[in-house]
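Asks: File protein-v7.txt follows (compact mmCIF, C-alpha atoms):
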# COMPACT_ATOMS: atom_id res chain seq x y z
CA MET F 1 -19.83 -52.74 -1.56
CA LYS F 2 -23.60 -53.22 -1.23
CA THR F 3 -24.11 -49.87 -2.94
CA TYR F 4 -21.97 -50.93 -5.90
CA ILE F 5 -23.83 -54.25 -6.22
CA ILE F 6 -27.22 -52.51 -6.20
CA LEU F 7 -26.08 -49.95 -8.74
CA ALA F 8 -24.61 -52.68 -10.93
CA LEU F 9 -28.02 -54.35 -11.00
CA LEU F 10 -29.61 -51.02 -11.87
CA VAL F 11 -27.22 -50.70 -14.80
CA CYS F 12 -28.35 -54.03 -16.22
CA SER F 13 -31.99 -53.00 -16.14
CA ALA F 14 -31.65 -49.29 -16.83
CA PHE F 15 -29.71 -49.65 -20.05
CA THR F 16 -32.68 -51.32 -21.69
CA LEU F 17 -34.47 -47.97 -21.54
CA PRO F 18 -34.33 -45.81 -24.68
CA GLU F 19 -33.02 -42.71 -22.87
CA LEU F 20 -30.01 -44.62 -21.54
CA GLN F 21 -29.06 -46.39 -24.74
CA ASN F 22 -26.31 -45.38 -27.16
CA VAL F 23 -24.68 -43.03 -24.65
CA GLU F 24 -21.19 -43.80 -25.93
CA ALA F 25 -22.32 -43.73 -29.56
CA GLU F 26 -23.47 -40.12 -29.12
CA LEU F 27 -19.98 -38.95 -28.23
CA PRO F 28 -18.01 -37.18 -30.97
CA THR F 29 -15.15 -39.20 -32.42
CA GLU F 30 -12.53 -37.21 -30.51
CA LEU F 31 -14.16 -38.23 -27.21
CA GLN F 32 -13.11 -41.85 -26.94
CA VAL F 33 -13.87 -44.27 -24.09
CA GLU F 34 -11.05 -44.65 -21.59
CA THR F 35 -10.37 -48.39 -21.69
CA THR F 36 -8.44 -48.29 -18.40
CA GLU F 37 -11.30 -46.65 -16.50
CA SER F 38 -13.24 -48.82 -14.09
CA ALA F 39 -16.61 -49.46 -15.73
CA LEU F 40 -18.25 -50.02 -12.36
CA GLN F 41 -16.97 -46.71 -10.97
CA TYR F 42 -18.04 -44.88 -14.12
CA TYR F 43 -21.59 -46.26 -14.05
CA TYR F 44 -21.80 -45.60 -10.32
CA ASP F 45 -21.00 -41.91 -10.97
CA PHE F 46 -23.29 -41.86 -14.01
CA LEU F 47 -26.25 -43.31 -12.13
CA LYS F 48 -25.82 -40.76 -9.36
CA GLY F 49 -26.46 -38.09 -11.96
CA VAL F 50 -29.40 -39.94 -13.53
CA PHE F 51 -31.32 -41.27 -10.53
CA LEU F 52 -30.50 -38.93 -7.66
CA ASP F 53 -31.53 -35.32 -7.16
CA LYS F 54 -28.05 -34.21 -6.27
CA SER F 55 -28.97 -30.52 -6.21
CA SER F 56 -30.97 -31.15 -3.04
CA LEU F 57 -27.77 -32.50 -1.47
CA MET F 58 -25.75 -29.49 -2.66
CA ALA F 59 -23.56 -31.77 -4.76
CA PRO F 60 -23.31 -31.63 -8.55
CA PRO F 61 -24.96 -34.19 -10.84
CA LEU F 62 -23.12 -35.79 -13.74
CA TYR F 63 -24.31 -34.33 -17.05
CA LYS F 64 -23.07 -35.68 -20.37
CA GLN F 65 -22.70 -33.12 -23.14
CA CYS F 66 -23.93 -35.58 -25.78
CA ASN F 67 -27.12 -36.48 -23.94
CA SER F 68 -29.91 -36.61 -26.52
CA LYS F 69 -31.92 -34.05 -24.54
CA TRP F 70 -29.45 -31.28 -25.38
CA GLY F 71 -26.51 -32.66 -27.38
CA SER F 72 -27.83 -31.37 -30.72
CA LYS F 73 -28.55 -27.85 -29.45
CA LYS F 74 -26.47 -25.15 -31.12
CA MET F 75 -24.14 -22.97 -29.07
CA GLY F 76 -22.93 -20.91 -32.01
CA SER F 77 -22.17 -22.76 -35.21
CA LYS F 78 -21.42 -25.99 -33.33
CA THR F 79 -23.44 -28.17 -30.97
CA VAL F 80 -23.26 -28.87 -27.26
CA CYS F 81 -22.14 -32.41 -28.08
CA GLN F 82 -19.27 -31.11 -30.21
CA VAL F 83 -17.85 -28.30 -28.07
CA GLY F 84 -19.97 -28.02 -24.92
CA CYS F 85 -17.64 -29.52 -22.32
CA LEU F 86 -16.96 -26.21 -20.55
CA MET F 87 -20.58 -25.08 -20.57
CA SER F 88 -21.70 -28.52 -19.36
CA SER F 89 -19.12 -28.45 -16.55
CA MET F 90 -20.41 -25.07 -15.44
CA SER F 91 -24.01 -26.27 -15.56
CA MET F 92 -23.10 -29.19 -13.27
CA ALA F 93 -21.56 -26.78 -10.78
CA LEU F 94 -24.59 -24.49 -10.81
CA ALA F 95 -26.96 -27.44 -10.42
CA GLY F 96 -24.94 -28.58 -7.42
CA LEU F 97 -25.49 -25.17 -5.87
CA GLY F 98 -29.23 -25.53 -6.32
CA LYS F 99 -29.45 -22.89 -9.06
CA LYS F 100 -32.51 -22.88 -11.30
CA ILE F 101 -33.62 -21.43 -14.62
CA SER F 102 -37.37 -20.76 -14.91
CA GLY F 103 -37.95 -23.04 -11.93
CA GLN F 104 -35.92 -25.95 -13.33
CA THR F 105 -32.55 -27.14 -12.04
CA VAL F 106 -29.76 -25.93 -14.30
CA ASN F 107 -28.67 -28.44 -16.94
CA PRO F 108 -26.73 -28.12 -20.22
CA GLY F 109 -29.98 -27.69 -22.16
CA ASN F 110 -31.56 -24.80 -20.29
CA PHE F 111 -28.18 -23.23 -19.46
CA ASN F 112 -27.26 -23.21 -23.15
CA ASP F 113 -30.59 -21.58 -23.99
CA TRP F 114 -30.03 -19.01 -21.25
CA LEU F 115 -26.51 -18.23 -22.46
CA ARG F 116 -27.68 -17.79 -26.04
CA SER F 117 -30.23 -15.20 -24.93
CA HIS F 118 -27.90 -13.41 -22.48
CA HIS F 119 -24.79 -12.83 -24.63
CA GLY F 120 -23.12 -15.83 -23.03
CA TYR F 121 -21.21 -16.92 -26.13
CA SER F 122 -18.72 -15.35 -28.46
CA GLY F 123 -19.15 -17.60 -31.45
CA ASN F 124 -18.80 -21.06 -29.92
CA LEU F 125 -16.77 -19.78 -26.96
CA TYR F 126 -18.26 -19.51 -23.48
CA VAL F 127 -18.12 -16.00 -21.98
CA TRP F 128 -16.72 -16.52 -18.49
CA GLY F 129 -18.44 -13.58 -16.84
CA ALA F 130 -21.89 -14.10 -18.34
CA ALA F 131 -23.30 -16.08 -15.41
CA GLU F 132 -21.97 -13.91 -12.59
CA SER F 133 -24.86 -11.67 -11.55
CA THR F 134 -27.75 -14.06 -12.20
CA PHE F 135 -26.19 -17.10 -10.51
CA LYS F 136 -24.29 -15.27 -7.74
CA VAL F 137 -20.78 -16.35 -8.66
CA LYS F 138 -17.66 -14.30 -9.41
CA TYR F 139 -15.18 -15.31 -12.09
CA GLN F 140 -11.65 -15.14 -10.68
CA GLY F 141 -9.64 -16.02 -13.74
CA GLN F 142 -7.38 -18.93 -14.62
CA LYS F 143 -4.16 -20.31 -13.22
CA GLN F 144 -1.71 -22.32 -15.26
CA GLY F 145 -0.32 -25.68 -14.15
CA GLY F 146 -1.73 -28.70 -12.39
CA THR F 147 -1.67 -27.78 -8.70
CA HIS F 148 -4.88 -26.16 -7.47
CA THR F 149 -6.95 -26.16 -4.29
CA ILE F 150 -10.50 -27.49 -4.21
CA ASP F 151 -12.86 -26.07 -1.58
CA SER F 152 -16.54 -25.46 -0.92
CA LYS F 153 -16.29 -21.71 -1.55
CA HIS F 154 -15.21 -22.01 -5.17
CA ILE F 155 -16.13 -23.70 -8.43
CA THR F 156 -13.02 -25.19 -10.03
CA ILE F 157 -13.10 -26.24 -13.67
CA LEU F 158 -10.01 -28.05 -14.94
CA ASN F 159 -8.57 -27.87 -18.43
CA VAL F 160 -7.22 -31.31 -19.39
CA ARG F 161 -6.22 -33.43 -22.39
CA ASN F 162 -3.55 -31.04 -23.63
CA GLY F 163 -5.95 -28.11 -23.34
CA GLY F 164 -8.76 -29.58 -25.43
CA HIS F 165 -11.28 -30.50 -22.74
CA TRP F 166 -12.86 -29.13 -19.53
CA VAL F 167 -14.14 -31.03 -16.47
CA LEU F 168 -15.60 -30.07 -13.10
CA ALA F 169 -13.36 -30.83 -10.12
CA THR F 170 -15.18 -32.11 -7.02
CA SER F 171 -12.30 -33.01 -4.69
CA LYS F 172 -8.57 -33.62 -4.53
CA SER F 173 -6.48 -36.25 -2.76
CA GLY F 174 -2.72 -36.05 -3.11
CA ASN F 175 -2.02 -35.47 -6.79
CA THR F 176 -5.39 -36.81 -8.00
CA TYR F 177 -8.53 -34.81 -8.72
CA LYS F 178 -11.95 -36.43 -8.59
CA VAL F 179 -13.99 -34.96 -11.41
CA LEU F 180 -17.29 -35.01 -13.24
CA ASP F 181 -16.36 -35.37 -16.89
CA PRO F 182 -19.07 -34.38 -19.40
CA GLY F 183 -17.38 -36.11 -22.34
CA TYR F 184 -15.27 -39.09 -21.33
CA GLN F 185 -15.92 -42.12 -19.14
CA LYS F 186 -13.39 -40.88 -16.62
CA SER F 187 -13.76 -39.85 -12.99
CA SER F 188 -10.27 -38.63 -12.10
CA TYR F 189 -7.23 -36.81 -13.47
CA THR F 190 -3.76 -36.38 -12.00
CA THR F 191 -2.07 -33.03 -11.56
CA SER F 192 0.25 -33.86 -14.46
CA GLU F 193 -2.78 -34.14 -16.77
CA VAL F 194 -4.12 -30.69 -15.87
CA VAL F 195 -3.09 -27.74 -18.06
CA ARG F 196 -4.80 -24.99 -16.05
CA ALA F 197 -7.82 -24.29 -13.86
CA ALA F 198 -10.55 -21.67 -13.96
CA LYS F 199 -12.22 -20.59 -10.73
CA TYR F 200 -15.42 -18.91 -9.64
CA GLN F 201 -16.02 -17.64 -6.14
CA ILE F 202 -19.42 -18.68 -4.79
CA LEU F 203 -21.12 -15.56 -3.42
Step by step, read the file and then write its structure as structure tokens.

Replies:
Amino acid sequence: MKTYIILALLVCSAFTLPELQNVEAELPTELQVETTESALQYYYDFLKGVFLDKSSLMAPPLYKQCNSKWGSKKMGSKTVCQVGCLMSSMSMALAGLGKKISGQTVNPGNFNDWLRSHHGYSGNLYVWGAAESTFKVKYQGQKQGGTHTIDSKHITILNVRNGGHWVLATSKSGNTYKVLDPGYQKSSYTTSEVVRAAKYQIL
């Protein structure tokens, strides 16, 4: 409870800073705020990504695809903010593993640049195997349905919202996945909301 109170106070002060303003306004129109989501829980997860070096703890940070640092970057013909949920989810996973690009922790900005120069896109579509050799992961394909295991030896990226969005799964309890969502203010999805899952083995 003390942690939540401290973080709530940080929210009040932090959102006066330019880099933390208009976060919701940057989202594309199809990425609407979840009104039923706990605002306190969302900002707690958000601040973990902003203020903590989660890569040093081997846990992924929360990256938002419409962050002004990279949201306007082109993937193909469209921007990271428009269609970068999958790429952003993968960048969170790689950052959590301590992976770096040119000495910097992986984020949607430098990962997008890397993918563009390493044949990592087909048009606006992420090429699943592009990151394998450089980042020491092995793409294992996708499984349909909502029931999937989450463990420390794999990256699990969930396809949700009727197939139109991707999020990084961090844990599972019962029929609920805890996630890092690069587009929505949402920190969990149920198995019934998951269309399929893509997995990478961590080598």

Asks: Rank F:Leu97, F:Cys66, F:Val195, F:Val160 by their smallest atom-to-atom distance to F:Gly145, using all atoms listed in the file, and report the top residue only.

Replies: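 When distances to F:Gly145 are compared using all atoms listed in the file, the smallest one comes from F:Val195.
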
Asks: May I ask for the distance between atom CA of F:Lys136 and atom CA of F:Ser72, given in Å to one decimal place?

Replies: 28.3 Å

Asks: Counting all atoms listed in the file, which residue out of F:Val137, F:Met75, F:Val106, F:Val179 sits closest to F:Trp166?

Replies: F:Val179

Asks: Could you give me, as a compact mmCIF listing (two decimals) with C-alpha atoms, in the frame of the given file, the residues that sit within 6 Å of (-25.4, -26.3, -19.5) in the file's coordinates, counting only C-alpha atoms?

Replies:
# COMPACT_ATOMS: atom_id res chain seq x y z
CA MET F 87 -20.58 -25.08 -20.57
CA SER F 88 -21.70 -28.52 -19.36
CA SER F 91 -24.01 -26.27 -15.56
CA ASN F 107 -28.67 -28.44 -16.94
CA PRO F 108 -26.73 -28.12 -20.22
CA GLY F 109 -29.98 -27.69 -22.16
CA PHE F 111 -28.18 -23.23 -19.46
CA ASN F 112 -27.26 -23.21 -23.15

Asks: To one decimal place, how far is atom CA of F:Thr170 from atom CA of F:Ser188 in Å?

Replies: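 Interatomic distance here is 9.6 Å.
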
Asks: To one decimal place, how far is atom CA of F:His118 from atom CA of F:Ile150 in Å?

Replies: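 The value is 28.9 Å.
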
Asks: Which residue out of F:Met90, F:Ile101, F:Arg116, F:Thr147 has the minimum interatomic distance to F:Lys74 when all atoms listed in the file are used?

Replies: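 The shortest atom-to-atom distance to F:Lys74 comes from F:Arg116.
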
Asks: Of the candidates F:Gly141, F:Gly76, F:Gly120, F:Gly183, which one gets nearest to F:Ile157 if we count only C-alpha atoms?

Replies: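 That would be F:Gly141, the residue with the smallest distance to F:Ile157.
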
Asks: Given the choices F:Leu125, F:Val167, F:Leu115, F:Ile155, which gets closest to F:Ala93 if the distance is worked out from all atoms listed in the file?

Replies: F:Ile155

Asks: Ranking F:Thr79, F:Ser102, F:Ser68, F:Asn175 by minimum distance to F:Gly146 and counting all atoms listed in the file, which one comes first?

Replies: F:Asn175

Asks: Can you tell me, as a VMD selection string, what residues are no more than 10 Å from F:Phe135 when counting all atoms listed in the file, ignoring any on the same chain fewer than 2 positions away?

Replies: chain F and resid 94 97 to 101 130 to 133 137 to 138 202 to 203

Asks: Excluding F:Asp151 and residues on its chain fewer than 3 positions from it, collect all residues at most 10 Å away from it, counting only C-alpha atoms, and give them as a ChimeraX atom specification.

Replies: /F:148,154-156,169-172

Asks: Identify, on the basis of all atoms listed in the file, every residue whose closest approach to F:Tyr63 does not exceed 10 Å; exclude the query and any residue fewer than 2 positions from it along the same chain; express the result as an mmCIF file with C-alpha atoms, keeping the file's coordinate frame.

Replies:
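Final file, selection_28.cif:
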data_model
loop_
_atom_site.group_PDB
_atom_site.id
_atom_site.type_symbol
_atom_site.label_atom_id
_atom_site.label_comp_id
_atom_site.auth_asym_id
_atom_site.auth_seq_id
_atom_site.Cartn_x
_atom_site.Cartn_y
_atom_site.Cartn_z
ATOM 1 C CA PHE F 46 -23.290 -41.860 -14.010
ATOM 2 C CA GLY F 49 -26.460 -38.090 -11.960
ATOM 3 C CA VAL F 50 -29.400 -39.940 -13.530
ATOM 4 C CA PRO F 60 -23.310 -31.630 -8.550
ATOM 5 C CA PRO F 61 -24.960 -34.190 -10.840
ATOM 6 C CA GLN F 65 -22.700 -33.120 -23.140
ATOM 7 C CA CYS F 66 -23.930 -35.580 -25.780
ATOM 8 C CA ASN F 67 -27.120 -36.480 -23.940
ATOM 9 C CA CYS F 85 -17.640 -29.520 -22.320
ATOM 10 C CA SER F 88 -21.700 -28.520 -19.360
ATOM 11 C CA SER F 89 -19.120 -28.450 -16.550
ATOM 12 C CA SER F 91 -24.010 -26.270 -15.560
ATOM 13 C CA MET F 92 -23.100 -29.190 -13.270
ATOM 14 C CA ALA F 95 -26.960 -27.440 -10.420
ATOM 15 C CA ASN F 107 -28.670 -28.440 -16.940
ATOM 16 C CA PRO F 108 -26.730 -28.120 -20.220
ATOM 17 C CA LEU F 180 -17.290 -35.010 -13.240
ATOM 18 C CA ASP F 181 -16.360 -35.370 -16.890
ATOM 19 C CA PRO F 182 -19.070 -34.380 -19.400
ATOM 20 C CA GLY F 183 -17.380 -36.110 -22.340
#
